[in-house]
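**Student:** Provided below: final12.tsv, containing TSV, C-alpha atoms.
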chain	number	residue	atom	x	y	z
A	1	MET	CA	36.20	166.40	78.26
A	2	THR	CA	35.15	164.74	75.00
A	3	THR	CA	36.73	161.46	76.11
A	4	LEU	CA	34.82	161.54	79.40
A	5	LEU	CA	31.54	162.23	77.60
A	6	CYS	CA	32.22	159.42	75.12
A	7	ALA	CA	33.03	156.96	77.92
A	8	THR	CA	29.83	157.91	79.75
A	9	VAL	CA	27.72	157.40	76.62
A	10	VAL	CA	29.30	153.99	75.96
A	11	GLN	CA	28.75	152.88	79.56
A	12	ALA	CA	25.12	154.01	79.46
A	13	ALA	CA	24.59	152.19	76.16
A	14	LEU	CA	26.02	148.98	77.62
A	15	LEU	CA	23.77	149.22	80.68
A	16	LEU	CA	20.70	149.89	78.56
A	17	SER	CA	21.52	146.99	76.24
A	18	GLY	CA	21.59	144.60	79.20
A	19	ALA	CA	25.32	143.91	78.88
A	20	ASP	CA	25.73	144.25	82.61
A	21	ALA	CA	27.07	141.90	85.27
A	22	ALA	CA	24.88	139.04	84.00
A	23	ALA	CA	27.16	138.63	81.00
A	24	SER	CA	30.20	138.09	83.22
A	25	GLU	CA	28.62	135.57	85.59
A	26	THR	CA	30.04	132.20	84.63
A	27	TYR	CA	28.62	128.82	85.47
A	28	ALA	CA	31.82	127.93	87.33
A	29	ASP	CA	31.44	131.02	89.55
A	30	ALA	CA	27.75	130.31	90.16
A	31	HIS	CA	28.45	126.66	91.00
A	32	ARG	CA	31.17	127.65	93.49
A	33	ALA	CA	28.81	130.16	95.10
A	34	ALA	CA	26.01	127.61	95.32
A	35	VAL	CA	28.25	125.02	96.96
A	36	ALA	CA	29.68	127.59	99.39
A	37	THR	CA	26.38	129.24	100.34
A	38	GLY	CA	23.76	126.57	99.73
A	39	LYS	CA	21.89	128.90	97.38
A	40	PRO	CA	20.14	127.39	94.36
A	41	ILE	CA	21.77	127.91	90.94
A	42	VAL	CA	19.77	129.64	88.20
A	43	VAL	CA	21.22	129.47	84.69
A	44	LEU	CA	19.92	131.17	81.57
A	45	VAL	CA	20.93	129.10	78.56
A	46	SER	CA	20.78	131.42	75.58
A	47	THR	CA	22.51	132.27	72.32
A	48	THR	CA	23.48	135.50	70.61
A	49	TRP	CA	21.38	134.72	67.52
A	50	CYS	CA	18.12	133.95	69.37
A	51	ALA	CA	15.78	136.95	69.53
A	52	PRO	CA	13.82	135.79	72.63
A	53	CYS	CA	17.17	135.06	74.34
A	54	GLN	CA	18.38	138.58	73.68
A	55	THR	CA	15.09	140.06	74.89
A	56	MET	CA	15.46	138.17	78.15
A	57	LYS	CA	19.10	139.23	78.58
A	58	ARG	CA	18.55	142.88	77.63
A	59	HIS	CA	15.16	143.61	79.13
A	60	THR	CA	13.78	140.91	81.42
A	61	LEU	CA	16.86	140.04	83.48
A	62	PRO	CA	17.89	143.64	84.25
A	63	ARG	CA	14.39	144.21	85.69
A	64	VAL	CA	14.53	140.98	87.68
A	65	ARG	CA	17.99	141.97	88.94
A	66	ALA	CA	16.74	145.44	89.91
A	67	ASN	CA	14.00	143.80	91.99
A	68	GLY	CA	16.69	141.95	93.96
A	69	ILE	CA	15.59	138.40	93.26
A	70	LEU	CA	18.85	137.33	91.59
A	71	LYS	CA	20.68	138.13	94.85
A	72	ARG	CA	18.91	135.16	96.41
A	73	VAL	CA	20.42	132.65	93.95
A	74	ALA	CA	23.73	131.94	92.26
A	75	PHE	CA	23.17	133.14	88.68
A	76	ALA	CA	24.92	132.45	85.38
A	77	VAL	CA	24.42	132.69	81.64
A	78	VAL	CA	25.60	129.86	79.36
A	79	ASP	CA	25.79	130.11	75.57
A	80	PRO	CA	25.45	126.71	73.85
A	81	ASP	CA	27.52	128.01	70.92
A	82	GLU	CA	30.43	128.62	73.30
A	83	ASP	CA	30.02	125.65	75.66
A	84	SER	CA	27.84	123.01	74.01
A	85	GLU	CA	28.67	120.22	76.50
A	86	LEU	CA	27.65	122.27	79.52
A	87	ALA	CA	24.51	123.55	77.77
A	88	GLU	CA	23.58	119.96	76.87
A	89	GLN	CA	24.02	118.86	80.49
A	90	LEU	CA	21.98	121.78	81.80
A	91	THR	CA	19.07	121.56	79.36
A	92	GLY	CA	19.12	117.95	78.26
A	93	GLY	CA	19.42	119.23	74.71
A	94	GLY	CA	16.28	121.32	74.97
A	95	PRO	CA	15.50	124.59	73.22
A	96	VAL	CA	16.72	128.09	74.04
A	97	PRO	CA	16.11	130.28	75.83
A	98	GLN	CA	15.83	128.02	78.80
A	99	MET	CA	16.11	129.01	82.42
A	100	VAL	CA	17.21	126.16	84.63
A	101	MET	CA	17.22	126.12	88.42
A	102	TYR	CA	19.07	123.54	90.47
A	103	HIS	CA	18.70	123.23	94.21
A	104	LYS	CA	20.27	120.65	96.46
A	105	THR	CA	18.13	118.22	98.40
A	106	SER	CA	18.94	115.29	100.63
A	107	GLN	CA	18.57	113.06	97.55
A	108	GLY	CA	20.83	115.23	95.34
A	109	TRP	CA	20.32	118.14	92.96
A	110	VAL	CA	16.79	118.78	91.65
A	111	ARG	CA	16.29	120.55	88.31
A	112	GLN	CA	13.41	122.79	87.37
A	113	LYS	CA	13.17	124.53	84.00
A	114	LEU	CA	11.37	127.36	82.28
A	115	ILE	CA	11.43	127.21	78.48
A	116	GLY	CA	11.03	130.05	76.00
A	117	GLY	CA	11.10	133.82	76.19
A	118	GLN	CA	9.57	134.91	79.49
A	119	THR	CA	8.27	138.05	81.16
A	120	GLU	CA	9.76	139.58	84.27
A	121	GLU	CA	6.80	138.27	86.27
A	122	ALA	CA	7.19	134.71	84.96
A	123	VAL	CA	10.92	134.64	85.75
A	124	GLU	CA	10.34	136.01	89.25
A	125	GLN	CA	7.57	133.48	89.89
A	126	PHE	CA	9.82	130.65	88.64
A	127	ILE	CA	12.66	131.71	90.94
A	128	ASN	CA	10.38	132.34	93.92
A	129	GLU	CA	8.72	128.92	93.53
A	130	GLY	CA	12.13	127.27	93.35
A	131	LEU	CA	13.28	129.15	96.45
A	132	ALA	CA	10.11	128.14	98.31
A	133	SER	CA	10.68	124.51	97.34
A	134	ASP	CA	14.30	124.78	98.46
A	135	GLU	CA	13.26	126.26	101.83
A	136	ALA	CA	10.63	123.55	102.35
A	137	GLU	CA	13.24	120.85	101.61
A	138	LYS	CA	15.69	122.44	104.06
A	139	LYS	CA	13.03	122.61	106.80
A	140	ALA	CA	12.01	119.00	106.21
A	141	GLU	CA	15.64	117.88	106.32
A	142	ALA	CA	16.23	119.87	109.53
A	143	ALA	CA	13.19	118.23	111.12
A	144	LYS	CA	14.44	114.76	110.12
A	145	THR	CA	17.89	115.56	111.50
A	146	SER	CA	16.37	116.83	114.75
A	147	LYS	CA	14.24	113.69	115.14
A	148	ARG	CA	17.24	111.45	114.44
A	149	ALA	CA	19.36	113.36	116.95
A	150	ALA	CA	16.65	113.01	119.61
A	151	ALA	CA	16.33	109.29	118.89
A	152	ASP	CA	20.12	108.90	119.02
A	153	ARG	CA	20.26	110.71	122.38
A	154	ALA	CA	17.53	108.48	123.78
A	155	THR	CA	19.28	105.35	122.52
A	156	ALA	CA	22.64	106.54	123.84
A	157	HIS	CA	21.14	107.27	127.24
A	158	ARG	CA	19.58	103.80	127.48
A	159	SER	CA	22.77	102.04	126.46
A	160	ASP	CA	25.14	104.17	128.56
A	161	PRO	CA	26.77	101.85	131.13
A	162	ALA	CA	27.24	104.76	133.55
A	163	SER	CA	23.51	105.51	133.57
A	164	GLU	CA	22.77	101.81	134.19
A	165	LYS	CA	25.10	101.81	137.21
A	166	LYS	CA	23.40	104.93	138.59
A	167	ALA	CA	20.03	103.29	138.13
A	168	VAL	CA	21.23	100.19	139.97
A	169	ARG	CA	22.62	102.22	142.88
A	170	LYS	CA	19.42	104.17	143.26
A	171	GLY	CA	17.27	101.08	143.12
I'd like the structure from this file rewritten - as structure tokens, please.
**Tutor:**
Amino acid sequence: MTTLLCATVVQAALLLSGADAAASETYADAHRAAVATGKPIVVLVSTTWCAPCQTMKRHTLPRVRANGILKRVAFAVVDPDEDSELAEQLTGGGPVPQMVMYHKTSQGWVRQKLIGGQTEEAVEQFINEGLASDEAEKKAEAAKTSKRAAADRATAHRSDPASEKKAVRKG
């Protein structure tokens, strides 16, 4: 009984400290998910020694996660002290904490960033704006694809020898 109580207290302490699923979400996993699903990638670049970073990981992100917004993106946390090359690529050598969002466009990946300790509202706004931009890009690309397909069909119809023969027979 004591062991069960102790385990429950430890689990509750971990959840309250923010050491939840966010800590186990790697960049590699988020990248795979983004490629597979087309979702944007959101990465929090933070260290263990940075107070604003810890505030975001322990307080801000659990609230954002509870609101369901992180389900709409592929999410990861990267620590520059553990993976300096990746952190450099993600932030361009910028300060921490830094939240970076990448979404794929027809011209490649676009990066947006949010620097410094942020509130729940600021993080949600950042993600929502990125998602809106991503949706607008997808709609614009779909419209271009649709127009190209229609133009291709019209061109194919005009150059189809069978349709020319039918036109000749009718005429």
**Student:** Using all atoms listed in the file, can you tell me which of A:Gly93, A:Gly38, A:Gly117, A:Gly130 comes closest to Arg58 in chain A?
**Tutor:**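 Among the listed residues, A:Gly117 lies closest to Arg58 in chain A.
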**Student:** Taking only C-alpha atoms into account, which of A:Met56, A:Leu44, A:Val64, A:Cys50 comes nearest Ala76 in chain A?
**Tutor:**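 Looking at the shortest contact to Ala76 in chain A, the residue is A:Leu44.
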**Student:** Which residues, protein or nucleic acid, reach to within 8 Å of (23.9, 131.2, 89.4) in the file's coordinates when using all atoms listed in the file, and can you give that as a PyMOL selection string?
**Tutor:** chain A and resi 25-27+29-31+33-34+40-43+73-77
**Student:** I'd like the interatomic distance between CA of Val35 in chain A and CA of Glu124 in chain A, to a tenth of an Å.
**Tutor:**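 Between these atoms lies a distance of 22.4 Å.
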**Student:** What does the distance between CA of Asp79 in chain A and CA of Thr48 in chain A come to in Å, to one decimal place?
**Tutor:**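 Computing it gives 7.7 Å between the two atoms.
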**Student:** When you count only C-alpha atoms, which of these residues is closest to Met101 in chain A: A:Ala154, A:Ala51, A:Leu70, A:Ala149?
**Tutor:** A:Leu70
**Student:** Quick one: distance from CA of Pro80 in chain A to CA of Gly94 in chain A in Å, one decimal?
**Tutor:**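 CA of Gly94 in chain A lies at a distance of 10.7 Å from CA of Pro80 in chain A.
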**Student:** Calculated over all atoms listed in the file, which of the candidates A:Pro97, A:Thr155, A:Ser133, A:Lys71 has the smallest distance to Ile115 in chain A?
**Tutor:** A:Pro97
**Student:** Using only C-alpha atoms, find the one residue out of A:Glu120, A:Glu129, A:Asp83, A:Glu141 that sits nearest to Lys104 in chain A.
**Tutor:** A:Glu141
**Student:** Could you give me, as number ranges by chain, the residues within 8 Å of Arg111 in chain A, counting only C-alpha atoms and dropping anything in the same chain fewer than 6 positions from it?
**Tutor:** A: 100-103
**Student:** Export C-alpha atoms of the chosen residues as a JSON list (two decimals), keeping the file's coordinate frame?
**Tutor:**
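Generated file (out-v2.json):
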[["chain", "number", "residue", "atom", "x", "y", "z"],
["A", 100, "VAL", "CA", 17.21, 126.16, 84.63],
["A", 101, "MET", "CA", 17.22, 126.12, 88.42],
["A", 102, "TYR", "CA", 19.07, 123.54, 90.47],
["A", 103, "HIS", "CA", 18.70, 123.23, 94.21]]
**Student:** Since the input lacks some atoms of range 74-107 of chain A, please model N, CA and C atoms and print them as a PDB file, in the coordinates of the input.
**Tutor:**
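The resulting part10.pdb:
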ATOM      1  N   ALA A  74      22.483 131.823  93.014  1.00  0.00           N
ATOM      2  CA  ALA A  74      23.730 131.940  92.260  1.00  0.00           C
ATOM      3  C   ALA A  74      23.320 131.925  90.794  1.00  0.00           C
ATOM      4  N   PHE A  75      23.687 132.965  90.045  1.00  0.00           N
ATOM      5  CA  PHE A  75      23.170 133.140  88.680  1.00  0.00           C
ATOM      6  C   PHE A  75      24.287 133.095  87.644  1.00  0.00           C
ATOM      7  N   ALA A  76      23.970 132.506  86.484  1.00  0.00           N
ATOM      8  CA  ALA A  76      24.920 132.450  85.380  1.00  0.00           C
ATOM      9  C   ALA A  76      24.178 132.447  84.048  1.00  0.00           C
ATOM     10  N   VAL A  77      24.915 132.783  83.006  1.00  0.00           N
ATOM     11  CA  VAL A  77      24.420 132.690  81.640  1.00  0.00           C
ATOM     12  C   VAL A  77      25.364 131.765  80.890  1.00  0.00           C
ATOM     13  N   VAL A  78      24.800 130.803  80.154  1.00  0.00           N
ATOM     14  CA  VAL A  78      25.600 129.860  79.360  1.00  0.00           C
ATOM     15  C   VAL A  78      25.126 129.943  77.916  1.00  0.00           C
ATOM     16  N   ASP A  79      26.078 130.066  77.003  1.00  0.00           N
ATOM     17  CA  ASP A  79      25.790 130.110  75.570  1.00  0.00           C
ATOM     18  C   ASP A  79      26.152 128.752  74.967  1.00  0.00           C
ATOM     19  N   PRO A  80      25.175 128.021  74.429  1.00  0.00           N
ATOM     20  CA  PRO A  80      25.450 126.710  73.850  1.00  0.00           C
ATOM     21  C   PRO A  80      26.463 126.755  72.695  1.00  0.00           C
ATOM     22  N   ASP A  81      26.559 127.888  72.011  1.00  0.00           N
ATOM     23  CA  ASP A  81      27.520 128.010  70.920  1.00  0.00           C
ATOM     24  C   ASP A  81      28.950 128.097  71.447  1.00  0.00           C
ATOM     25  N   GLU A  82      29.098 128.513  72.689  1.00  0.00           N
ATOM     26  CA  GLU A  82      30.430 128.620  73.300  1.00  0.00           C
ATOM     27  C   GLU A  82      30.773 127.422  74.174  1.00  0.00           C
ATOM     28  N   ASP A  83      29.781 126.795  74.785  1.00  0.00           N
ATOM     29  CA  ASP A  83      30.020 125.650  75.660  1.00  0.00           C
ATOM     30  C   ASP A  83      28.878 124.646  75.462  1.00  0.00           C
ATOM     31  N   SER A  84      28.946 123.911  74.368  1.00  0.00           N
ATOM     32  CA  SER A  84      27.840 123.010  74.010  1.00  0.00           C
ATOM     33  C   SER A  84      27.671 121.864  74.995  1.00  0.00           C
ATOM     34  N   GLU A  85      28.776 121.322  75.533  1.00  0.00           N
ATOM     35  CA  GLU A  85      28.670 120.220  76.500  1.00  0.00           C
ATOM     36  C   GLU A  85      27.927 120.630  77.753  1.00  0.00           C
ATOM     37  N   LEU A  86      28.302 121.785  78.306  1.00  0.00           N
ATOM     38  CA  LEU A  86      27.650 122.270  79.520  1.00  0.00           C
ATOM     39  C   LEU A  86      26.178 122.576  79.238  1.00  0.00           C
ATOM     40  N   ALA A  87      25.900 123.231  78.116  1.00  0.00           N
ATOM     41  CA  ALA A  87      24.510 123.550  77.770  1.00  0.00           C
ATOM     42  C   ALA A  87      23.688 122.269  77.616  1.00  0.00           C
ATOM     43  N   GLU A  88      24.266 121.251  77.032  1.00  0.00           N
ATOM     44  CA  GLU A  88      23.580 119.960  76.870  1.00  0.00           C
ATOM     45  C   GLU A  88      23.277 119.353  78.234  1.00  0.00           C
ATOM     46  N   GLN A  89      24.242 119.399  79.147  1.00  0.00           N
ATOM     47  CA  GLN A  89      24.020 118.860  80.490  1.00  0.00           C
ATOM     48  C   GLN A  89      22.943 119.630  81.232  1.00  0.00           C
ATOM     49  N   LEU A  90      22.934 120.945  81.074  1.00  0.00           N
ATOM     50  CA  LEU A  90      21.980 121.780  81.800  1.00  0.00           C
ATOM     51  C   LEU A  90      20.553 121.608  81.275  1.00  0.00           C
ATOM     52  N   THR A  91      20.411 121.556  79.957  1.00  0.00           N
ATOM     53  CA  THR A  91      19.070 121.560  79.360  1.00  0.00           C
ATOM     54  C   THR A  91      18.601 120.199  78.883  1.00  0.00           C
ATOM     55  N   GLY A  92      19.503 119.235  78.829  1.00  0.00           N
ATOM     56  CA  GLY A  92      19.120 117.950  78.260  1.00  0.00           C
ATOM     57  C   GLY A  92      18.926 118.046  76.763  1.00  0.00           C
ATOM     58  N   GLY A  93      19.535 119.041  76.152  1.00  0.00           N
ATOM     59  CA  GLY A  93      19.420 119.230  74.710  1.00  0.00           C
ATOM     60  C   GLY A  93      18.183 119.990  74.293  1.00  0.00           C
ATOM     61  N   GLY A  94      17.512 120.593  75.260  1.00  0.00           N
ATOM     62  CA  GLY A  94      16.280 121.320  74.970  1.00  0.00           C
ATOM     63  C   GLY A  94      16.517 122.650  74.274  1.00  0.00           C
ATOM     64  N   PRO A  95      15.418 123.336  73.966  1.00  0.00           N
ATOM     65  CA  PRO A  95      15.500 124.590  73.220  1.00  0.00           C
ATOM     66  C   PRO A  95      16.016 125.751  74.065  1.00  0.00           C
ATOM     67  N   VAL A  96      16.328 126.851  73.388  1.00  0.00           N
ATOM     68  CA  VAL A  96      16.720 128.090  74.040  1.00  0.00           C
ATOM     69  C   VAL A  96      15.698 129.157  73.665  1.00  0.00           C
ATOM     70  N   PRO A  97      15.518 130.139  74.507  1.00  0.00           N
ATOM     71  CA  PRO A  97      16.110 130.280  75.830  1.00  0.00           C
ATOM     72  C   PRO A  97      15.486 129.273  76.795  1.00  0.00           C
ATOM     73  N   GLN A  98      16.301 128.913  77.746  1.00  0.00           N
ATOM     74  CA  GLN A  98      15.830 128.020  78.800  1.00  0.00           C
ATOM     75  C   GLN A  98      16.463 128.472  80.105  1.00  0.00           C
ATOM     76  N   MET A  99      15.622 128.670  81.093  1.00  0.00           N
ATOM     77  CA  MET A  99      16.110 129.010  82.420  1.00  0.00           C
ATOM     78  C   MET A  99      16.010 127.750  83.256  1.00  0.00           C
ATOM     79  N   VAL A 100      17.131 127.387  83.863  1.00  0.00           N
ATOM     80  CA  VAL A 100      17.210 126.160  84.630  1.00  0.00           C
ATOM     81  C   VAL A 100      17.589 126.520  86.066  1.00  0.00           C
ATOM     82  N   MET A 101      16.883 125.923  87.017  1.00  0.00           N
ATOM     83  CA  MET A 101      17.220 126.120  88.420  1.00  0.00           C
ATOM     84  C   MET A 101      17.540 124.772  89.028  1.00  0.00           C
ATOM     85  N   TYR A 102      18.673 124.725  89.721  1.00  0.00           N
ATOM     86  CA  TYR A 102      19.070 123.540  90.470  1.00  0.00           C
ATOM     87  C   TYR A 102      19.118 123.905  91.936  1.00  0.00           C
ATOM     88  N   HIS A 103      18.510 123.063  92.774  1.00  0.00           N
ATOM     89  CA  HIS A 103      18.700 123.230  94.210  1.00  0.00           C
ATOM     90  C   HIS A 103      18.979 121.864  94.814  1.00  0.00           C
ATOM     91  N   LYS A 104      19.802 121.887  95.851  1.00  0.00           N
ATOM     92  CA  LYS A 104      20.270 120.650  96.460  1.00  0.00           C
ATOM     93  C   LYS A 104      19.270 120.155  97.489  1.00  0.00           C
ATOM     94  N   THR A 105      19.000 118.865  97.432  1.00  0.00           N
ATOM     95  CA  THR A 105      18.130 118.220  98.400  1.00  0.00           C
ATOM     96  C   THR A 105      18.899 117.085  99.062  1.00  0.00           C
ATOM     97  N   SER A 106      18.268 116.412  99.977  1.00  0.00           N
ATOM     98  CA  SER A 106      18.940 115.290 100.630  1.00  0.00           C
ATOM     99  C   SER A 106      19.162 114.137  99.648  1.00  0.00           C
ATOM    100  N   GLN A 107      18.403 114.103  98.562  1.00  0.00           N
ATOM    101  CA  GLN A 107      18.570 113.060  97.550  1.00  0.00           C
ATOM    102  C   GLN A 107      19.463 113.499  96.387  1.00  0.00           C
TER     103      GLN A 107
END
